[in-house]
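Report on the structure given below.
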Amino acid sequence: MATKGYLGIDVGTQGLSVIFTDEALAVLAVGEGSYEMIPGLAQECYEQLPTDWIDALRDAMNNMRQNLTADHAEIEVLSVGISGQMHGEVLADADGNSLGPARLWCDSRNEAEGHELTELFGAKMPKRATATRWLWTIRNQNENAKQAKHMTTPAGWVSYCLTGQWTLGIGDAAGMFPIDQATLNYNTVLLEKFNALTGDDSLTPLDQLLPAVRAAGEDAGTLNSTGAELLGLPVGIPVAPAEGDQPAALAGSLIGEAGMVSVSFGTSVCANSVGDRPFSGVSNAVDHFCAPDGKPINMVWLRNGTTFMNSVVEMFGAAIGGDRGAGFAAVMPKLLEAKPDCGGLLALPFMDDEPGLNVSQGGTAMIVGLNADNATPGNTVKAALLSTMFNLKLGSEVLDSQGFPRTELVLTGGLTKTPELAQVLADVFNTSVTLLDSAEEGTAWGAALMAKFRTAKINGADQDWASFLAEHAAGTSKKYEPQASAVQDYESLYQRYKRLMKVQPAIHESIG
C-alpha cells in the first residue's frame, strides 16, 4: 500500500531540496539538487538559469526516492507545496519560454531604482524588490524588457513549469510589488504610478506581467503533463500557491497570529513580525511583505548577524590549536556563565554595512571597555552576541513606536544549537521565546505544510490559516520566559549600547 503524504519543494539560493512527509507531516525522505551562480559576472551581480532549477528539481526527486525506506518505497502525493528565494526577476515571453538568466535577491545593481520608487510610492521599495529590478531592466536591458510578457520569481517559475499557470502566493507576490491590504492584491494606485514612470508603450504594463495572487489554500493549479513527467507523479495532483522563503519559513515556524515574531540568527538576522495592520510610512529598518494568508509582515533584517561573534570564537579556537568547532565547544559554556553586563564590555558587530541602521560601511567591529578584570572569553563573546541582539532591538523599536504587538519570539537558525541562548534573547526583549521541534526542515517543511492546507481546503475544511497552524503547534515547543532581574540588567546595558551607537560614525571616520 502506498504511503500518502505531501511533497515540499524549496528553490534556495545555493541549491534545491525536496521533502516527502506523511499525512501528519513527519519527514520520511529528503532529496537534494544543486546549481551555481552564473560565473564571470561583476561583484554586485548574481544570476542563475531557470533551467538549472528544473534540472535540480529532477535530480532532487530522484535523490529523494533513493532515500525512502523500504516501508515507504511506494508513495502517493496528495498535494505539492513550493517555496523559493524571494525577489528574483524571472522573465518569459508570450509562449512561456524563459528570456535568459534570472537576477536574484542578492543582485544589487538597482539600488538607485529602489530609492526612486520608495520616494514615488511613499512606501519602502528595497533594492531587492522584483519591481525595482524590473525598472532597472527597462532602463538597461530594454530589448529584453520588450520581449517580456510574464514576470515571476524562482518559486513562481517552478510552479508555472509544473502547472502551466502564472500564479504566486501572496507573500512572494508582496516581494515583487506592494500588496493592498484592503483587496489582498497588487496596489492598483502604485501600479498606475509605476506604469506612468516608465512611459513606454512598447512594454507590457507591469500589472499584466505580474502573476495572479493566491492566498494559502487557494487554487494554484494542478500538475499538467509536463509537471507530472518532471516529478514522476500522476497528472492532476493539486499544487499549493508557490511562496517565498520568508513566508514559507513563517509557515514552518507555525506563526500566524498578530504579535508572533519569527527570529532567525545566522550569518544574517531576520525578524518577521505578524502585524495587525499595515505599517505607516517608510523606515530604513523595516521591510514589508505578507504572510501566506495575506496578513501584513514587518521584517527587521540585519546584514551583520552572528559573523562577528563567530569570528571571535574562531580566534579563541585557533589559540587553543583547534578549529571553529573546538572554539565553540570551549567558549560557549563560558558565554553562558558570563553575567548580563559582560563585566562592563560592549561590542560593535559591524564587519559589514548595516543599511537599516544607517551604517554605510563595515570595518568598525570592535570590543570596548576591556580591563584586567573583564578580559575573558565568556565576556568577550557574550558582548559580541548581545551587540547583534541589541541591533535587532533597535530596528524593532520602530515597530514599537507604532504600537505593533509583540507577544512571542519563535527562534530558529544557528543560535538554536545552544538552546540556553533563547533565555538571553527572552531577557533582552522581555518577551517569551519559543523553540520549535517541528521546523527542522525549514522552508521545505513549510511548503509541505502549505500543501496540506491546500488539500484540507479541497476537502471542504472551513478553518483559517492561523487556526490550522495552531493545530500543528500543539505539544511541539519549549518556552523560555523572561527573568525580571536579567531583564533590568540587559536593559541597562542596552542603553549604554545606544550611546555607543551614537559615536559609531565618528569611529568609522577616524579609521576610514
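Every chain in the C-alpha cells takes a letter, A first, then B, and so on in the order presented; its residues are numbered from 1, and the ligands are numbered from 1 following the presented order.
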
I want to know what sits within 10 Å of A:Met501, based on only C-alpha atoms, with residues of the same chain fewer than 4 positions away left out; could you give that as a PyMOL selection string?
chain A and resi 347-348+357+359+391+495-497+505-507

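Those residues of stretch 182-285 of chain A that DSSP, working from the backbone, places in strand (DSSP E or B) are Asn185, Tyr186, Ala212, Val213, Arg214, Thr222, Pro238, Val239, Glu243, Gly244, Met260, Val261, Ser262, Val263, Ser264, Phe265, Val269, Cys270, Ala271, Asn272, Ser273 and Val274 of chain A.
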
Print the selection's residues with N, CA and C atoms to a file, as a PDB file, in the first residue's frame.
```
ATOM      1  N   ASN A 185      -4.501  42.187  -3.040  1.00  0.00           N
ATOM      2  CA  ASN A 185      -3.995  42.095  -4.403  1.00  0.00           C
ATOM      3  C   ASN A 185      -3.001  43.238  -4.591  1.00  0.00           C
ATOM      4  N   TYR A 186      -2.357  43.292  -5.754  1.00  0.00           N
ATOM      5  CA  TYR A 186      -1.399  44.356  -6.004  1.00  0.00           C
ATOM      6  C   TYR A 186      -2.074  45.724  -5.875  1.00  0.00           C
ATOM      7  N   ALA A 212      -0.856  36.083 -11.068  1.00  0.00           N
ATOM      8  CA  ALA A 212      -2.070  36.231 -10.268  1.00  0.00           C
ATOM      9  C   ALA A 212      -1.787  35.865  -8.818  1.00  0.00           C
ATOM     10  N   VAL A 213      -2.327  36.659  -7.902  1.00  0.00           N
ATOM     11  CA  VAL A 213      -2.069  36.479  -6.471  1.00  0.00           C
ATOM     12  C   VAL A 213      -3.008  35.416  -5.898  1.00  0.00           C
ATOM     13  N   ARG A 214      -2.449  34.522  -5.085  1.00  0.00           N
ATOM     14  CA  ARG A 214      -3.237  33.486  -4.416  1.00  0.00           C
ATOM     15  C   ARG A 214      -2.836  33.433  -2.936  1.00  0.00           C
ATOM     16  N   THR A 222      -2.997  22.404 -10.968  1.00  0.00           N
ATOM     17  CA  THR A 222      -2.641  21.006 -10.722  1.00  0.00           C
ATOM     18  C   THR A 222      -1.523  20.607 -11.675  1.00  0.00           C
ATOM     19  N   PRO A 238      -2.973  18.395  -6.932  1.00  0.00           N
ATOM     20  CA  PRO A 238      -3.060  19.832  -6.640  1.00  0.00           C
ATOM     21  C   PRO A 238      -1.707  20.419  -6.237  1.00  0.00           C
ATOM     22  N   VAL A 239      -1.501  21.681  -6.615  1.00  0.00           N
ATOM     23  CA  VAL A 239      -0.299  22.422  -6.252  1.00  0.00           C
ATOM     24  C   VAL A 239      -0.725  23.650  -5.442  1.00  0.00           C
ATOM     25  N   GLU A 243       5.206  29.983  -2.612  1.00  0.00           N
ATOM     26  CA  GLU A 243       5.543  31.067  -1.683  1.00  0.00           C
ATOM     27  C   GLU A 243       7.038  31.358  -1.658  1.00  0.00           C
ATOM     28  N   GLY A 244       7.364  32.543  -1.166  1.00  0.00           N
ATOM     29  CA  GLY A 244       8.750  32.905  -0.941  1.00  0.00           C
ATOM     30  C   GLY A 244       9.297  32.208   0.287  1.00  0.00           C
ATOM     31  N   MET A 260       3.141  37.515  16.885  1.00  0.00           N
ATOM     32  CA  MET A 260       4.147  36.457  16.825  1.00  0.00           C
ATOM     33  C   MET A 260       5.282  36.902  15.902  1.00  0.00           C
ATOM     34  N   VAL A 261       6.511  36.620  16.311  1.00  0.00           N
ATOM     35  CA  VAL A 261       7.686  37.067  15.567  1.00  0.00           C
ATOM     36  C   VAL A 261       8.613  35.873  15.334  1.00  0.00           C
ATOM     37  N   SER A 262       8.941  35.633  14.068  1.00  0.00           N
ATOM     38  CA  SER A 262       9.919  34.611  13.726  1.00  0.00           C
ATOM     39  C   SER A 262      11.298  35.253  13.699  1.00  0.00           C
ATOM     40  N   VAL A 263      12.223  34.740  14.526  1.00  0.00           N
ATOM     41  CA  VAL A 263      13.562  35.308  14.619  1.00  0.00           C
ATOM     42  C   VAL A 263      14.585  34.241  14.242  1.00  0.00           C
ATOM     43  N   SER A 264      15.379  34.546  13.238  1.00  0.00           N
ATOM     44  CA  SER A 264      16.414  33.615  12.788  1.00  0.00           C
ATOM     45  C   SER A 264      17.777  34.271  12.934  1.00  0.00           C
ATOM     46  N   PHE A 265      18.662  33.630  13.706  1.00  0.00           N
ATOM     47  CA  PHE A 265      20.026  34.121  13.898  1.00  0.00           C
ATOM     48  C   PHE A 265      20.982  33.242  13.107  1.00  0.00           C
ATOM     49  N   VAL A 269      20.568  38.186  10.310  1.00  0.00           N
ATOM     50  CA  VAL A 269      19.489  38.010  11.284  1.00  0.00           C
ATOM     51  C   VAL A 269      18.213  38.574  10.683  1.00  0.00           C
ATOM     52  N   CYS A 270      17.137  37.840  10.864  1.00  0.00           N
ATOM     53  CA  CYS A 270      15.857  38.277  10.309  1.00  0.00           C
ATOM     54  C   CYS A 270      14.769  38.081  11.360  1.00  0.00           C
ATOM     55  N   ALA A 271      13.974  39.131  11.591  1.00  0.00           N
ATOM     56  CA  ALA A 271      12.827  39.040  12.492  1.00  0.00           C
ATOM     57  C   ALA A 271      11.585  39.441  11.712  1.00  0.00           C
ATOM     58  N   ASN A 272      10.690  38.490  11.498  1.00  0.00           N
ATOM     59  CA  ASN A 272       9.449  38.731  10.767  1.00  0.00           C
ATOM     60  C   ASN A 272       8.287  38.764  11.749  1.00  0.00           C
ATOM     61  N   SER A 273       7.640  39.925  11.841  1.00  0.00           N
ATOM     62  CA  SER A 273       6.552  40.126  12.794  1.00  0.00           C
ATOM     63  C   SER A 273       5.212  40.136  12.072  1.00  0.00           C
ATOM     64  N   VAL A 274       4.276  39.337  12.558  1.00  0.00           N
ATOM     65  CA  VAL A 274       2.920  39.385  12.018  1.00  0.00           C
ATOM     66  C   VAL A 274       2.229  40.620  12.584  1.00  0.00           C
TER      67      VAL A 274
END
```

Can you list, as a PyMOL selection string, all residues belonging to stretch 343-421 of chain A that DSSP tags as helix (DSSP H, G or I)?
chain A and resi 343-344+355-357+377-401+414-417+421

May I have the residues from that selection written out with C-alpha atoms, as an mmCIF file, in the first residue's frame?
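Full text of out_29.cif as output:
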```cif
data_model
loop_
_atom_site.group_PDB
_atom_site.id
_atom_site.type_symbol
_atom_site.label_atom_id
_atom_site.label_comp_id
_atom_site.auth_asym_id
_atom_site.auth_seq_id
_atom_site.Cartn_x
_atom_site.Cartn_y
_atom_site.Cartn_z
ATOM 1 C CA GLY A 343 31.807 42.654 33.075
ATOM 2 C CA GLY A 344 31.341 46.098 31.550
ATOM 3 C CA PRO A 355 21.572 49.710 5.813
ATOM 4 C CA GLY A 356 18.660 49.537 8.264
ATOM 5 C CA LEU A 357 20.713 51.263 10.964
ATOM 6 C CA PRO A 377 36.445 34.690 26.563
ATOM 7 C CA GLY A 378 32.954 34.471 28.075
ATOM 8 C CA ASN A 379 32.525 38.233 28.478
ATOM 9 C CA THR A 380 34.011 38.968 25.056
ATOM 10 C CA VAL A 381 31.869 36.525 23.074
ATOM 11 C CA LYS A 382 28.721 37.409 25.004
ATOM 12 C CA ALA A 383 29.277 41.112 24.286
ATOM 13 C CA ALA A 384 29.638 40.265 20.592
ATOM 14 C CA LEU A 385 26.381 38.297 20.598
ATOM 15 C CA LEU A 386 24.496 40.953 22.569
ATOM 16 C CA SER A 387 25.536 43.629 20.079
ATOM 17 C CA THR A 388 23.590 41.762 17.394
ATOM 18 C CA MET A 389 20.578 41.275 19.660
ATOM 19 C CA PHE A 390 20.694 44.979 20.520
ATOM 20 C CA ASN A 391 20.780 45.926 16.827
ATOM 21 C CA LEU A 392 17.692 43.792 16.324
ATOM 22 C CA LYS A 393 16.065 45.608 19.229
ATOM 23 C CA LEU A 394 16.979 48.976 17.681
ATOM 24 C CA GLY A 395 15.202 48.011 14.469
ATOM 25 C CA SER A 396 12.233 46.651 16.405
ATOM 26 C CA GLU A 397 11.790 49.952 18.254
ATOM 27 C CA VAL A 398 10.414 51.388 15.012
ATOM 28 C CA LEU A 399 7.572 48.873 15.273
ATOM 29 C CA ASP A 400 7.158 49.592 18.977
ATOM 30 C CA SER A 401 6.710 53.291 18.188
ATOM 31 C CA GLY A 414 22.198 28.677 14.198
ATOM 32 C CA LEU A 415 21.520 30.076 17.670
ATOM 33 C CA THR A 416 19.298 27.093 18.450
ATOM 34 C CA LYS A 417 22.392 24.866 18.567
ATOM 35 C CA LEU A 421 20.757 31.359 24.392
#
```

Nearest to A:Val90 by atom-to-atom distance, counting only C-alpha atoms, from A:Pro482, A:Pro50, A:Gly281, A:Gly266
A:Pro50

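With atom CA of A:Arg324 on one side and atom CA of A:Met351 on the other, the separation reads 18.3 Å.
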
Return the single residue from A:His150, A:Lys295, A:His87, A:Arg133 that is closest to A:Gly275, with distances computed using only C-alpha atoms.
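Distance minimum relative to A:Gly275 lands on A:Lys295.
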
Given the choices A:Asp293, A:Glu218, A:Asp71, A:Asp10, which gets closest to A:Gly156 if the distance is worked out from only C-alpha atoms?
A:Asp10

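Rounded to one decimal, atom CA of A:Gln504 and atom CA of A:Ala365 lie 9.9 Å from each other.
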
I'd like the neighbourhood of stretch 34-46 of chain A as a PyMOL selection string, where a residue qualifies if any of its atoms comes within 12 Å (using only C-alpha atoms), though same-chain residues fewer than 3 positions away should be ignored.
chain A and resi 10-18+31+49-60+63+88-89+100-111+128+133
